[in-house]
Amino acid sequence: MTDSLHRLYSFRRCPYAMRARLGLLFAGMSVELREIVLKNKPPQMLAISPKGTVPVLQLTNKTVIEESQEIMVWALEQSDPQELLDKGILSQANALIAQNDNDFKHWLDHYKYADRHPEMTQTEYREQGEVFLQILENLLTKNRYLLRDSVTIADIGIMPFVRQFAHVDRDTFYSLPYPKLQQWLQNWLAHPLFLQAMVKFQPWQEEDETVVFPAKTE
């Protein structure tokens, strides 16, 4: 590991890894990036995080952070110029992220992989997920973002999962009665930091030179 950079193991399309990268970007932090292939996880990652899921952040002092929300919080505790960790709404943000990670993620997985869960139809799974979408829609009728008129950790913690839900069937998603949420997602998909978070990198191999995230722009 380079002396000056923390090391992030990531997978571009994973929503957990996505929100970790967003946390680093909002903190203005650069890291060494190791993009992995889920079917061929590098032994270097498994040695420090045997659970084998991304993201994993290894700090230069060898401390390992292996939960995406913890990575977001850690990064923003180092630098938070836009005050995403606003103490006035932090407990509400944490509760909303918890609901996303537990209830909504459950129904999202069943909706996305409905053929693996024949107990209910895909439409029924989508409708279960919509309970959370309605909560988000209600919040967005009050503010431009989920908890205020600027971004908080709730937005970056939840958006990648709403994106994944929408992408199961885009036509259906944009036909649902959630105009504020749909606009919020569209704004995020065009957000400069989200576009940076989604830059493609080749899967890491041991002989590769160090890859820095975010990628340097000319």
# chains A, B, ... in the order shown; residues from 1 in each chain; ligands from 1
>>> residues_around(residues="Val131 (chain A)", least_positions_apart="4", cutoff="9 Å", atoms="only C-alpha atoms", output="list in words")
Phe104, Glu127 and Ile135 of chain A
>>> residues_around(residues="region 163-177 of chain A", least_positions_apart="6", cutoff="12 Å", atoms="only C-alpha atoms", output="mmCIF file with all heavy atoms, in the first residue's frame")
data_model
loop_
_atom_site.group_PDB
_atom_site.id
_atom_site.type_symbol
_atom_site.label_atom_id
_atom_site.label_comp_id
_atom_site.auth_asym_id
_atom_site.auth_seq_id
_atom_site.Cartn_x
_atom_site.Cartn_y
_atom_site.Cartn_z
ATOM 1 N N ARG A 13 -20.979 -1.559 -9.751
ATOM 2 C CA ARG A 13 -22.447 -1.606 -9.783
ATOM 3 C C ARG A 13 -23.089 -1.924 -8.430
ATOM 4 O O ARG A 13 -24.302 -1.872 -8.309
ATOM 5 C CB ARG A 13 -22.912 -2.625 -10.833
ATOM 6 C CG ARG A 13 -22.525 -2.274 -12.252
ATOM 7 C CD ARG A 13 -23.360 -3.012 -13.281
ATOM 8 N NE ARG A 13 -23.401 -4.448 -13.059
ATOM 9 C CZ ARG A 13 -22.501 -5.307 -13.516
ATOM 10 N NH1 ARG A 13 -21.454 -4.875 -14.200
ATOM 11 N NH2 ARG A 13 -22.620 -6.599 -13.282
ATOM 12 N N CYS A 14 -22.304 -2.262 -7.444
ATOM 13 C CA CYS A 14 -22.862 -2.579 -6.124
ATOM 14 C C CYS A 14 -23.344 -1.307 -5.443
ATOM 15 O O CYS A 14 -22.576 -0.350 -5.283
ATOM 16 C CB CYS A 14 -21.801 -3.258 -5.269
ATOM 17 S SG CYS A 14 -22.263 -3.422 -3.533
ATOM 18 N N PRO A 15 -24.615 -1.239 -5.021
ATOM 19 C CA PRO A 15 -25.105 -0.002 -4.396
ATOM 20 C C PRO A 15 -24.403 0.339 -3.085
ATOM 21 O O PRO A 15 -24.257 1.515 -2.751
ATOM 22 C CB PRO A 15 -26.597 -0.270 -4.190
ATOM 23 C CG PRO A 15 -26.753 -1.754 -4.234
ATOM 24 C CD PRO A 15 -25.680 -2.257 -5.148
ATOM 25 N N TYR A 16 -23.958 -0.672 -2.351
ATOM 26 C CA TYR A 16 -23.216 -0.393 -1.122
ATOM 27 C C TYR A 16 -21.876 0.264 -1.448
ATOM 28 O O TYR A 16 -21.478 1.253 -0.811
ATOM 29 C CB TYR A 16 -22.978 -1.685 -0.332
ATOM 30 C CG TYR A 16 -24.229 -2.318 0.211
ATOM 31 C CD1 TYR A 16 -24.788 -3.432 -0.419
ATOM 32 C CD2 TYR A 16 -24.845 -1.828 1.352
ATOM 33 C CE1 TYR A 16 -25.942 -4.032 0.076
ATOM 34 C CE2 TYR A 16 -25.995 -2.416 1.866
ATOM 35 C CZ TYR A 16 -26.537 -3.524 1.221
ATOM 36 O OH TYR A 16 -27.678 -4.109 1.717
ATOM 37 N N MET A 18 -21.235 1.857 -4.133
ATOM 38 C CA MET A 18 -21.565 3.135 -4.762
ATOM 39 C C MET A 18 -21.671 4.231 -3.707
ATOM 40 O O MET A 18 -21.120 5.331 -3.855
ATOM 41 C CB MET A 18 -22.902 2.983 -5.496
ATOM 42 C CG MET A 18 -23.037 3.708 -6.804
ATOM 43 S SD MET A 18 -24.639 3.291 -7.582
ATOM 44 C CE MET A 18 -24.241 1.726 -8.347
ATOM 45 N N ARG A 19 -22.370 3.937 -2.606
ATOM 46 C CA ARG A 19 -22.545 4.983 -1.608
ATOM 47 C C ARG A 19 -21.250 5.239 -0.845
ATOM 48 O O ARG A 19 -21.008 6.368 -0.407
ATOM 49 C CB ARG A 19 -23.704 4.660 -0.674
ATOM 50 C CG ARG A 19 -23.515 3.551 0.327
ATOM 51 C CD ARG A 19 -24.834 3.367 1.064
ATOM 52 N NE ARG A 19 -24.779 2.372 2.116
ATOM 53 C CZ ARG A 19 -25.855 1.969 2.791
ATOM 54 N NH1 ARG A 19 -27.056 2.470 2.524
ATOM 55 N NH2 ARG A 19 -25.760 1.066 3.733
ATOM 56 N N ASN A 100 -33.992 1.630 4.749
ATOM 57 C CA ASN A 100 -33.548 1.269 3.402
ATOM 58 C C ASN A 100 -32.808 -0.063 3.404
ATOM 59 O O ASN A 100 -33.079 -0.954 2.589
ATOM 60 C CB ASN A 100 -32.636 2.372 2.865
ATOM 61 C CG ASN A 100 -32.019 2.031 1.518
ATOM 62 O OD1 ASN A 100 -32.610 2.241 0.468
ATOM 63 N ND2 ASN A 100 -30.801 1.497 1.541
ATOM 64 N N PHE A 104 -36.465 -2.103 2.745
ATOM 65 C CA PHE A 104 -36.486 -1.826 1.305
ATOM 66 C C PHE A 104 -35.553 -2.749 0.541
ATOM 67 O O PHE A 104 -35.904 -3.267 -0.531
ATOM 68 C CB PHE A 104 -36.127 -0.361 1.044
ATOM 69 C CG PHE A 104 -36.183 0.015 -0.411
ATOM 70 C CD1 PHE A 104 -37.377 -0.061 -1.122
ATOM 71 C CD2 PHE A 104 -35.046 0.447 -1.078
ATOM 72 C CE1 PHE A 104 -37.432 0.288 -2.469
ATOM 73 C CE2 PHE A 104 -35.095 0.799 -2.420
ATOM 74 C CZ PHE A 104 -36.292 0.721 -3.118
ATOM 75 N N LYS A 105 -34.360 -2.983 1.059
ATOM 76 C CA LYS A 105 -33.403 -3.853 0.361
ATOM 77 C C LYS A 105 -33.961 -5.271 0.214
ATOM 78 O O LYS A 105 -33.752 -5.937 -0.810
ATOM 79 C CB LYS A 105 -32.067 -3.886 1.110
ATOM 80 C CG LYS A 105 -30.975 -4.722 0.433
ATOM 81 C CD LYS A 105 -30.621 -4.170 -0.941
ATOM 82 C CE LYS A 105 -29.310 -4.729 -1.464
ATOM 83 N NZ LYS A 105 -29.300 -6.187 -1.666
ATOM 84 N N HIS A 106 -34.682 -5.733 1.211
ATOM 85 C CA HIS A 106 -35.314 -7.056 1.136
ATOM 86 C C HIS A 106 -36.260 -7.129 -0.059
ATOM 87 O O HIS A 106 -36.183 -8.050 -0.880
ATOM 88 C CB HIS A 106 -36.063 -7.343 2.435
ATOM 89 C CG HIS A 106 -36.923 -8.571 2.386
ATOM 90 N ND1 HIS A 106 -36.423 -9.841 2.606
ATOM 91 C CD2 HIS A 106 -38.254 -8.719 2.113
ATOM 92 C CE1 HIS A 106 -37.400 -10.713 2.483
ATOM 93 N NE2 HIS A 106 -38.516 -10.071 2.186
ATOM 94 N N TRP A 107 -37.150 -6.146 -0.168
ATOM 95 C CA TRP A 107 -38.133 -6.171 -1.256
ATOM 96 C C TRP A 107 -37.480 -5.860 -2.605
ATOM 97 O O TRP A 107 -37.895 -6.416 -3.632
ATOM 98 C CB TRP A 107 -39.272 -5.201 -0.959
ATOM 99 C CG TRP A 107 -40.046 -5.590 0.258
ATOM 100 C CD1 TRP A 107 -40.189 -4.886 1.417
ATOM 101 C CD2 TRP A 107 -40.774 -6.819 0.454
ATOM 102 N NE1 TRP A 107 -40.950 -5.592 2.320
ATOM 103 C CE2 TRP A 107 -41.325 -6.782 1.756
ATOM 104 C CE3 TRP A 107 -41.008 -7.946 -0.346
ATOM 105 C CZ2 TRP A 107 -42.098 -7.815 2.274
ATOM 106 C CZ3 TRP A 107 -41.781 -8.984 0.174
ATOM 107 C CH2 TRP A 107 -42.308 -8.908 1.465
ATOM 108 N N LEU A 108 -36.463 -5.022 -2.595
ATOM 109 C CA LEU A 108 -35.725 -4.752 -3.828
ATOM 110 C C LEU A 108 -35.119 -6.035 -4.384
ATOM 111 O O LEU A 108 -35.234 -6.322 -5.586
ATOM 112 C CB LEU A 108 -34.626 -3.721 -3.545
ATOM 113 C CG LEU A 108 -33.517 -3.540 -4.583
ATOM 114 C CD1 LEU A 108 -34.082 -3.161 -5.942
ATOM 115 C CD2 LEU A 108 -32.507 -2.500 -4.104
ATOM 116 N N ASP A 109 -34.471 -6.817 -3.544
ATOM 117 C CA ASP A 109 -33.859 -8.067 -4.013
ATOM 118 C C ASP A 109 -34.904 -9.034 -4.545
ATOM 119 O O ASP A 109 -34.690 -9.703 -5.561
ATOM 120 C CB ASP A 109 -33.069 -8.722 -2.875
ATOM 121 C CG ASP A 109 -31.782 -7.981 -2.559
ATOM 122 O OD1 ASP A 109 -31.364 -7.135 -3.384
ATOM 123 O OD2 ASP A 109 -31.208 -8.222 -1.482
ATOM 124 N N HIS A 110 -36.033 -9.113 -3.871
ATOM 125 C CA HIS A 110 -37.092 -10.014 -4.327
ATOM 126 C C HIS A 110 -37.721 -9.515 -5.628
ATOM 127 O O HIS A 110 -38.076 -10.315 -6.502
ATOM 128 C CB HIS A 110 -38.165 -10.162 -3.233
ATOM 129 C CG HIS A 110 -37.745 -11.065 -2.114
ATOM 130 N ND1 HIS A 110 -36.682 -10.785 -1.293
ATOM 131 C CD2 HIS A 110 -38.236 -12.270 -1.689
ATOM 132 C CE1 HIS A 110 -36.541 -11.761 -0.401
ATOM 133 N NE2 HIS A 110 -37.465 -12.671 -0.622
ATOM 134 N N TYR A 111 -37.845 -8.217 -5.760
ATOM 135 C CA TYR A 111 -38.376 -7.625 -6.994
ATOM 136 C C TYR A 111 -37.416 -7.856 -8.156
ATOM 137 O O TYR A 111 -37.818 -8.283 -9.251
ATOM 138 C CB TYR A 111 -38.603 -6.134 -6.755
ATOM 139 C CG TYR A 111 -39.028 -5.325 -7.957
ATOM 140 C CD1 TYR A 111 -39.991 -5.776 -8.860
ATOM 141 C CD2 TYR A 111 -38.471 -4.054 -8.181
ATOM 142 C CE1 TYR A 111 -40.385 -5.008 -9.951
ATOM 143 C CE2 TYR A 111 -38.862 -3.278 -9.257
ATOM 144 C CZ TYR A 111 -39.817 -3.764 -10.145
ATOM 145 O OH TYR A 111 -40.191 -2.994 -11.227
ATOM 146 N N LYS A 112 -36.131 -7.626 -7.913
ATOM 147 C CA LYS A 112 -35.131 -7.776 -8.979
ATOM 148 C C LYS A 112 -34.962 -9.231 -9.393
ATOM 149 O O LYS A 112 -34.759 -9.536 -10.578
ATOM 150 C CB LYS A 112 -33.792 -7.204 -8.504
ATOM 151 C CG LYS A 112 -32.718 -7.189 -9.579
ATOM 152 C CD LYS A 112 -31.446 -6.521 -9.077
ATOM 153 C CE LYS A 112 -30.388 -6.499 -10.175
ATOM 154 N NZ LYS A 112 -29.130 -5.865 -9.714
ATOM 155 N N TYR A 113 -35.036 -10.127 -8.436
ATOM 156 C CA TYR A 113 -34.821 -11.553 -8.708
ATOM 157 C C TYR A 113 -36.088 -12.338 -8.400
ATOM 158 O O TYR A 113 -36.054 -13.346 -7.696
ATOM 159 C CB TYR A 113 -33.650 -12.077 -7.872
ATOM 160 C CG TYR A 113 -32.371 -11.319 -8.115
ATOM 161 C CD1 TYR A 113 -31.844 -10.473 -7.132
ATOM 162 C CD2 TYR A 113 -31.686 -11.428 -9.319
ATOM 163 C CE1 TYR A 113 -30.665 -9.768 -7.343
ATOM 164 C CE2 TYR A 113 -30.498 -10.731 -9.546
ATOM 165 C CZ TYR A 113 -30.002 -9.903 -8.552
ATOM 166 O OH TYR A 113 -28.838 -9.202 -8.776
ATOM 167 N N ALA A 114 -37.211 -11.867 -8.923
ATOM 168 C CA ALA A 114 -38.513 -12.473 -8.594
ATOM 169 C C ALA A 114 -38.581 -13.941 -8.992
ATOM 170 O O ALA A 114 -39.287 -14.736 -8.348
ATOM 171 C CB ALA A 114 -39.633 -11.692 -9.272
ATOM 172 N N GLN A 122 -43.737 -10.707 -9.223
ATOM 173 C CA GLN A 122 -42.842 -9.563 -9.278
ATOM 174 C C GLN A 122 -43.588 -8.260 -8.976
ATOM 175 O O GLN A 122 -43.062 -7.376 -8.283
ATOM 176 C CB GLN A 122 -42.161 -9.471 -10.641
ATOM 177 C CG GLN A 122 -41.102 -8.375 -10.702
ATOM 178 C CD GLN A 122 -40.383 -8.318 -12.027
ATOM 179 O OE1 GLN A 122 -41.002 -8.402 -13.088
ATOM 180 N NE2 GLN A 122 -39.057 -8.202 -11.993
ATOM 181 N N THR A 123 -44.804 -8.160 -9.473
ATOM 182 C CA THR A 123 -45.610 -6.969 -9.197
ATOM 183 C C THR A 123 -45.866 -6.814 -7.705
ATOM 184 O O THR A 123 -45.782 -5.709 -7.149
ATOM 185 C CB THR A 123 -46.946 -7.036 -9.947
ATOM 186 O OG1 THR A 123 -46.682 -7.053 -11.353
ATOM 187 C CG2 THR A 123 -47.835 -5.845 -9.612
ATOM 188 N N TYR A 125 -43.984 -7.912 -5.274
ATOM 189 C CA TYR A 125 -42.726 -7.504 -4.643
ATOM 190 C C TYR A 125 -42.474 -6.014 -4.874
ATOM 191 O O TYR A 125 -42.048 -5.300 -3.968
ATOM 192 C CB TYR A 125 -41.555 -8.327 -5.180
ATOM 193 C CG TYR A 125 -41.538 -9.756 -4.683
ATOM 194 C CD1 TYR A 125 -41.391 -10.819 -5.562
ATOM 195 C CD2 TYR A 125 -41.656 -10.040 -3.320
ATOM 196 C CE1 TYR A 125 -41.365 -12.127 -5.110
ATOM 197 C CE2 TYR A 125 -41.639 -11.347 -2.852
ATOM 198 C CZ TYR A 125 -41.492 -12.394 -3.758
ATOM 199 O OH TYR A 125 -41.468 -13.683 -3.303
ATOM 200 N N ARG A 126 -42.757 -5.550 -6.091
ATOM 201 C CA ARG A 126 -42.589 -4.129 -6.380
ATOM 202 C C ARG A 126 -43.488 -3.294 -5.481
ATOM 203 O O ARG A 126 -43.068 -2.267 -4.932
ATOM 204 C CB ARG A 126 -42.925 -3.839 -7.847
ATOM 205 C CG ARG A 126 -42.542 -2.424 -8.287
ATOM 206 C CD ARG A 126 -43.277 -2.011 -9.535
ATOM 207 N NE ARG A 126 -44.664 -1.671 -9.253
ATOM 208 C CZ ARG A 126 -45.721 -2.069 -9.959
ATOM 209 N NH1 ARG A 126 -45.565 -2.862 -11.014
ATOM 210 N NH2 ARG A 126 -46.943 -1.701 -9.617
ATOM 211 N N GLU A 127 -44.719 -3.720 -5.307
ATOM 212 C CA GLU A 127 -45.661 -2.967 -4.471
ATOM 213 C C GLU A 127 -45.203 -2.925 -3.020
ATOM 214 O O GLU A 127 -45.414 -1.918 -2.328
ATOM 215 C CB GLU A 127 -47.057 -3.573 -4.603
ATOM 216 C CG GLU A 127 -47.677 -3.315 -5.981
ATOM 217 C CD GLU A 127 -48.952 -4.102 -6.216
ATOM 218 O OE1 GLU A 127 -49.235 -5.046 -5.422
ATOM 219 O OE2 GLU A 127 -49.674 -3.791 -7.189
ATOM 220 N N GLN A 128 -44.586 -3.995 -2.548
ATOM 221 C CA GLN A 128 -44.035 -3.970 -1.186
ATOM 222 C C GLN A 128 -42.909 -2.941 -1.081
ATOM 223 O O GLN A 128 -42.817 -2.191 -0.101
ATOM 224 C CB GLN A 128 -43.530 -5.362 -0.792
ATOM 225 C CG GLN A 128 -44.615 -6.402 -0.602
ATOM 226 C CD GLN A 128 -45.501 -6.117 0.600
ATOM 227 O OE1 GLN A 128 -45.051 -5.554 1.600
ATOM 228 N NE2 GLN A 128 -46.764 -6.499 0.503
ATOM 229 N N GLY A 129 -42.065 -2.892 -2.113
ATOM 230 C CA GLY A 129 -40.990 -1.900 -2.134
ATOM 231 C C GLY A 129 -41.502 -0.483 -2.209
ATOM 232 O O GLY A 129 -40.874 0.456 -1.690
ATOM 233 N N GLU A 130 -42.651 -0.312 -2.819
ATOM 234 C CA GLU A 130 -43.217 1.023 -2.979
ATOM 235 C C GLU A 130 -43.627 1.657 -1.644
ATOM 236 O O GLU A 130 -43.802 2.878 -1.574
ATOM 237 C CB GLU A 130 -44.416 0.982 -3.925
ATOM 238 C CG GLU A 130 -44.044 0.850 -5.390
ATOM 239 C CD GLU A 130 -45.262 0.946 -6.288
ATOM 240 O OE1 GLU A 130 -45.989 1.957 -6.196
ATOM 241 O OE2 GLU A 130 -45.506 -0.001 -7.056
ATOM 242 N N PHE A 132 -41.746 2.044 0.850
ATOM 243 C CA PHE A 132 -40.617 2.928 1.153
ATOM 244 C C PHE A 132 -40.542 4.077 0.154
ATOM 245 O O PHE A 132 -40.246 5.221 0.534
ATOM 246 C CB PHE A 132 -39.314 2.129 1.147
ATOM 247 C CG PHE A 132 -38.116 2.908 1.630
ATOM 248 C CD1 PHE A 132 -38.066 3.416 2.908
ATOM 249 C CD2 PHE A 132 -37.025 3.122 0.789
ATOM 250 C CE1 PHE A 132 -36.953 4.127 3.360
ATOM 251 C CE2 PHE A 132 -35.916 3.822 1.229
ATOM 252 C CZ PHE A 132 -35.873 4.325 2.519
ATOM 253 N N LEU A 133 -40.824 3.798 -1.108
ATOM 254 C CA LEU A 133 -40.815 4.870 -2.106
ATOM 255 C C LEU A 133 -41.808 5.970 -1.728
ATOM 256 O O LEU A 133 -41.531 7.157 -1.913
ATOM 257 C CB LEU A 133 -41.157 4.328 -3.497
ATOM 258 C CG LEU A 133 -40.230 3.273 -4.099
ATOM 259 C CD1 LEU A 133 -40.603 3.016 -5.554
ATOM 260 C CD2 LEU A 133 -38.757 3.674 -3.977
ATOM 261 N N GLN A 134 -42.946 5.585 -1.194
ATOM 262 C CA GLN A 134 -43.950 6.573 -0.792
ATOM 263 C C GLN A 134 -43.438 7.428 0.364
ATOM 264 O O GLN A 134 -43.696 8.642 0.415
ATOM 265 C CB GLN A 134 -45.258 5.879 -0.406
ATOM 266 C CG GLN A 134 -46.395 6.839 -0.068
ATOM 267 C CD GLN A 134 -46.809 7.678 -1.270
ATOM 268 O OE1 GLN A 134 -47.316 7.154 -2.251
ATOM 269 N NE2 GLN A 134 -46.598 9.004 -1.192
ATOM 270 N N GLU A 137 -41.142 9.880 -1.235
ATOM 271 C CA GLU A 137 -41.934 10.881 -1.974
ATOM 272 C C GLU A 137 -42.496 11.926 -1.019
ATOM 273 O O GLU A 137 -42.440 13.138 -1.296
ATOM 274 C CB GLU A 137 -43.063 10.177 -2.731
ATOM 275 C CG GLU A 137 -43.987 11.098 -3.496
ATOM 276 C CD GLU A 137 -43.378 11.688 -4.756
ATOM 277 O OE1 GLU A 137 -42.323 11.196 -5.200
ATOM 278 O OE2 GLU A 137 -43.967 12.643 -5.301
ATOM 279 N N ASN A 138 -43.011 11.474 0.104
ATOM 280 C CA ASN A 138 -43.571 12.406 1.085
ATOM 281 C C ASN A 138 -42.504 13.369 1.614
ATOM 282 O O ASN A 138 -42.756 14.568 1.789
ATOM 283 C CB ASN A 138 -44.212 11.645 2.243
ATOM 284 C CG ASN A 138 -45.458 10.873 1.819
ATOM 285 O OD1 ASN A 138 -46.032 11.131 0.766
ATOM 286 N ND2 ASN A 138 -45.857 9.913 2.637
ATOM 287 N N ASP A 155 -29.341 10.983 1.590
ATOM 288 C CA ASP A 155 -29.472 10.961 0.134
ATOM 289 C C ASP A 155 -28.446 10.030 -0.510
ATOM 290 O O ASP A 155 -28.799 9.188 -1.334
ATOM 291 C CB ASP A 155 -29.312 12.368 -0.434
ATOM 292 C CG ASP A 155 -30.403 13.314 0.029
ATOM 293 O OD1 ASP A 155 -31.502 13.270 -0.552
ATOM 294 O OD2 ASP A 155 -30.169 14.075 0.982
ATOM 295 N N ILE A 156 -27.181 10.187 -0.123
ATOM 296 C CA ILE A 156 -26.158 9.348 -0.764
ATOM 297 C C ILE A 156 -26.230 7.906 -0.269
ATOM 298 O O ILE A 156 -25.809 6.984 -0.968
ATOM 299 C CB ILE A 156 -24.742 9.927 -0.598
ATOM 300 C CG1 ILE A 156 -24.289 9.960 0.861
ATOM 301 C CG2 ILE A 156 -24.659 11.316 -1.222
ATOM 302 C CD1 ILE A 156 -22.805 10.312 1.028
ATOM 303 N N GLY A 157 -26.798 7.712 0.931
ATOM 304 C CA GLY A 157 -26.927 6.359 1.450
ATOM 305 C C GLY A 157 -28.055 5.567 0.822
ATOM 306 O O GLY A 157 -28.011 4.341 0.780
ATOM 307 N N GLN A 183 -37.898 12.805 -10.040
ATOM 308 C CA GLN A 183 -37.055 13.963 -10.355
ATOM 309 C C GLN A 183 -35.787 13.957 -9.522
ATOM 310 O O GLN A 183 -34.695 14.273 -10.011
ATOM 311 C CB GLN A 183 -37.828 15.259 -10.129
ATOM 312 C CG GLN A 183 -37.069 16.506 -10.583
ATOM 313 C CD GLN A 183 -36.743 16.474 -12.053
ATOM 314 O OE1 GLN A 183 -37.638 16.374 -12.892
ATOM 315 N NE2 GLN A 183 -35.454 16.537 -12.397
ATOM 316 N N TRP A 184 -35.920 13.606 -8.249
ATOM 317 C CA TRP A 184 -34.752 13.475 -7.357
ATOM 318 C C TRP A 184 -33.751 12.486 -7.929
ATOM 319 O O TRP A 184 -32.543 12.758 -7.981
ATOM 320 C CB TRP A 184 -35.258 13.043 -5.981
ATOM 321 C CG TRP A 184 -34.261 12.689 -4.924
ATOM 322 C CD1 TRP A 184 -33.614 13.543 -4.073
ATOM 323 C CD2 TRP A 184 -33.832 11.363 -4.553
ATOM 324 N NE1 TRP A 184 -32.813 12.831 -3.197
ATOM 325 C CE2 TRP A 184 -32.932 11.509 -3.474
ATOM 326 C CE3 TRP A 184 -34.134 10.083 -5.029
ATOM 327 C CZ2 TRP A 184 -32.328 10.403 -2.868
ATOM 328 C CZ3 TRP A 184 -33.540 8.980 -4.425
ATOM 329 C CH2 TRP A 184 -32.636 9.145 -3.360
ATOM 330 N N LEU A 185 -34.238 11.337 -8.384
ATOM 331 C CA LEU A 185 -33.339 10.331 -8.954
ATOM 332 C C LEU A 185 -32.701 10.848 -10.240
ATOM 333 O O LEU A 185 -31.493 10.680 -10.448
ATOM 334 C CB LEU A 185 -34.097 9.027 -9.216
ATOM 335 C CG LEU A 185 -33.261 7.900 -9.836
ATOM 336 C CD1 LEU A 185 -32.081 7.527 -8.932
ATOM 337 C CD2 LEU A 185 -34.133 6.680 -10.117
ATOM 338 N N GLN A 186 -33.487 11.485 -11.095
ATOM 339 C CA GLN A 186 -32.932 12.035 -12.334
ATOM 340 C C GLN A 186 -31.842 13.066 -12.034
ATOM 341 O O GLN A 186 -30.791 13.081 -12.698
ATOM 342 C CB GLN A 186 -34.045 12.676 -13.168
ATOM 343 C CG GLN A 186 -34.939 11.677 -13.878
ATOM 344 C CD GLN A 186 -34.182 10.870 -14.917
ATOM 345 O OE1 GLN A 186 -33.522 11.415 -15.792
ATOM 346 N NE2 GLN A 186 -34.278 9.558 -14.812
ATOM 347 N N ASN A 187 -32.078 13.897 -11.043
ATOM 348 C CA ASN A 187 -31.061 14.885 -10.658
ATOM 349 C C ASN A 187 -29.786 14.203 -10.190
ATOM 350 O O ASN A 187 -28.674 14.651 -10.507
ATOM 351 C CB ASN A 187 -31.599 15.808 -9.563
ATOM 352 C CG ASN A 187 -32.702 16.724 -10.063
ATOM 353 O OD1 ASN A 187 -32.884 16.918 -11.265
ATOM 354 N ND2 ASN A 187 -33.467 17.291 -9.138
ATOM 355 N N TRP A 188 -29.937 13.116 -9.438
ATOM 356 C CA TRP A 188 -28.769 12.389 -8.968
ATOM 357 C C TRP A 188 -28.007 11.726 -10.116
ATOM 358 O O TRP A 188 -26.774 11.710 -10.132
ATOM 359 C CB TRP A 188 -29.169 11.328 -7.939
ATOM 360 C CG TRP A 188 -29.123 11.850 -6.544
ATOM 361 C CD1 TRP A 188 -30.173 12.042 -5.685
ATOM 362 C CD2 TRP A 188 -27.967 12.272 -5.830
ATOM 363 N NE1 TRP A 188 -29.739 12.561 -4.496
ATOM 364 C CE2 TRP A 188 -28.386 12.701 -4.553
ATOM 365 C CE3 TRP A 188 -26.609 12.322 -6.143
ATOM 366 C CZ2 TRP A 188 -27.488 13.187 -3.606
ATOM 367 C CZ3 TRP A 188 -25.716 12.815 -5.190
ATOM 368 C CH2 TRP A 188 -26.155 13.234 -3.938
ATOM 369 N N LEU A 189 -28.728 11.176 -11.060
ATOM 370 C CA LEU A 189 -28.069 10.487 -12.168
ATOM 371 C C LEU A 189 -27.224 11.444 -13.004
ATOM 372 O O LEU A 189 -26.295 11.011 -13.697
ATOM 373 C CB LEU A 189 -29.111 9.783 -13.042
ATOM 374 C CG LEU A 189 -29.896 8.657 -12.357
ATOM 375 C CD1 LEU A 189 -30.905 8.045 -13.314
ATOM 376 C CD2 LEU A 189 -28.965 7.588 -11.796
ATOM 377 N N PHE A 194 -21.864 11.956 -8.736
ATOM 378 C CA PHE A 194 -22.328 10.608 -9.076
ATOM 379 C C PHE A 194 -21.675 10.138 -10.366
ATOM 380 O O PHE A 194 -21.266 8.972 -10.479
ATOM 381 C CB PHE A 194 -23.849 10.560 -9.204
ATOM 382 C CG PHE A 194 -24.357 9.186 -9.563
ATOM 383 C CD1 PHE A 194 -24.303 8.161 -8.639
ATOM 384 C CD2 PHE A 194 -24.842 8.917 -10.830
ATOM 385 C CE1 PHE A 194 -24.736 6.878 -8.968
ATOM 386 C CE2 PHE A 194 -25.277 7.646 -11.166
ATOM 387 C CZ PHE A 194 -25.227 6.627 -10.235
#
>>> residues_around(residues="Asp86 (chain A)", least_positions_apart="3", cutoff="12 Å", atoms="only C-alpha atoms", output="list in words")
Val73, Leu76, Glu77, Asp80, Pro81, Gln82, Glu83, Ile89, Leu90, Ser91, Gln92, Ala93, Asn94, Leu147, Arg148, Ser150, Val151, Thr152, Ile153 and Ala154 of chain A
>>> residues_around(residues="Pro55 (chain A)", least_positions_apart="3", cutoff="7 Å", atoms="only C-alpha atoms", output="CSV table (one decimal) with C-alpha atoms, in the first residue's frame")
chain,number,residue,atom,x,y,z
A,8,LEU,CA,-10.7,0.9,-1.3
A,9,TYR,CA,-11.9,-2.5,-2.7
A,10,SER,CA,-15.0,-1.8,-4.7
A,16,TYR,CA,-23.2,-0.4,-1.1
A,17,ALA,CA,-19.9,0.3,-2.9
A,20,ALA,CA,-19.1,4.5,-0.1
A,66,GLU,CA,-15.9,-3.1,6.0
A,67,GLU,CA,-19.4,-1.6,6.1
A,68,SER,CA,-20.5,0.9,3.6
>>> residues_around(residues="Glu35 (chain A)", least_positions_apart="3", cutoff="10 Å", atoms="only C-alpha atoms", output="VMD selection string")
chain A and resid 8 to 12 32 38 41 to 42 54 to 55 200 to 205 211
>>> write_last_selection(atoms="C-alpha atoms", output="mmCIF file, in the first residue's frame")
data_model
loop_
_atom_site.group_PDB
_atom_site.id
_atom_site.type_symbol
_atom_site.label_atom_id
_atom_site.label_comp_id
_atom_site.auth_asym_id
_atom_site.auth_seq_id
_atom_site.Cartn_x
_atom_site.Cartn_y
_atom_site.Cartn_z
ATOM 1 C CA LEU A 8 -10.726 0.853 -1.303
ATOM 2 C CA TYR A 9 -11.919 -2.479 -2.670
ATOM 3 C CA SER A 10 -15.008 -1.754 -4.712
ATOM 4 C CA PHE A 11 -17.367 -3.044 -7.391
ATOM 5 C CA ARG A 12 -18.839 -0.379 -9.635
ATOM 6 C CA GLU A 32 -6.201 3.796 -4.014
ATOM 7 C CA LEU A 38 -17.257 -10.662 -7.637
ATOM 8 C CA LYS A 41 -12.343 -11.923 -5.361
ATOM 9 C CA PRO A 42 -8.674 -11.118 -4.743
ATOM 10 C CA VAL A 54 -17.589 -4.824 -0.939
ATOM 11 C CA PRO A 55 -16.868 -2.119 -0.103
ATOM 12 C CA LYS A 200 -15.390 2.586 -15.127
ATOM 13 C CA PHE A 201 -12.092 1.068 -14.028
ATOM 14 C CA GLN A 202 -10.525 -2.181 -15.146
ATOM 15 C CA PRO A 203 -10.538 -4.979 -12.554
ATOM 16 C CA TRP A 204 -7.448 -4.811 -10.387
ATOM 17 C CA GLN A 205 -4.603 -7.245 -10.871
ATOM 18 C CA VAL A 211 -5.141 3.394 -9.536
#
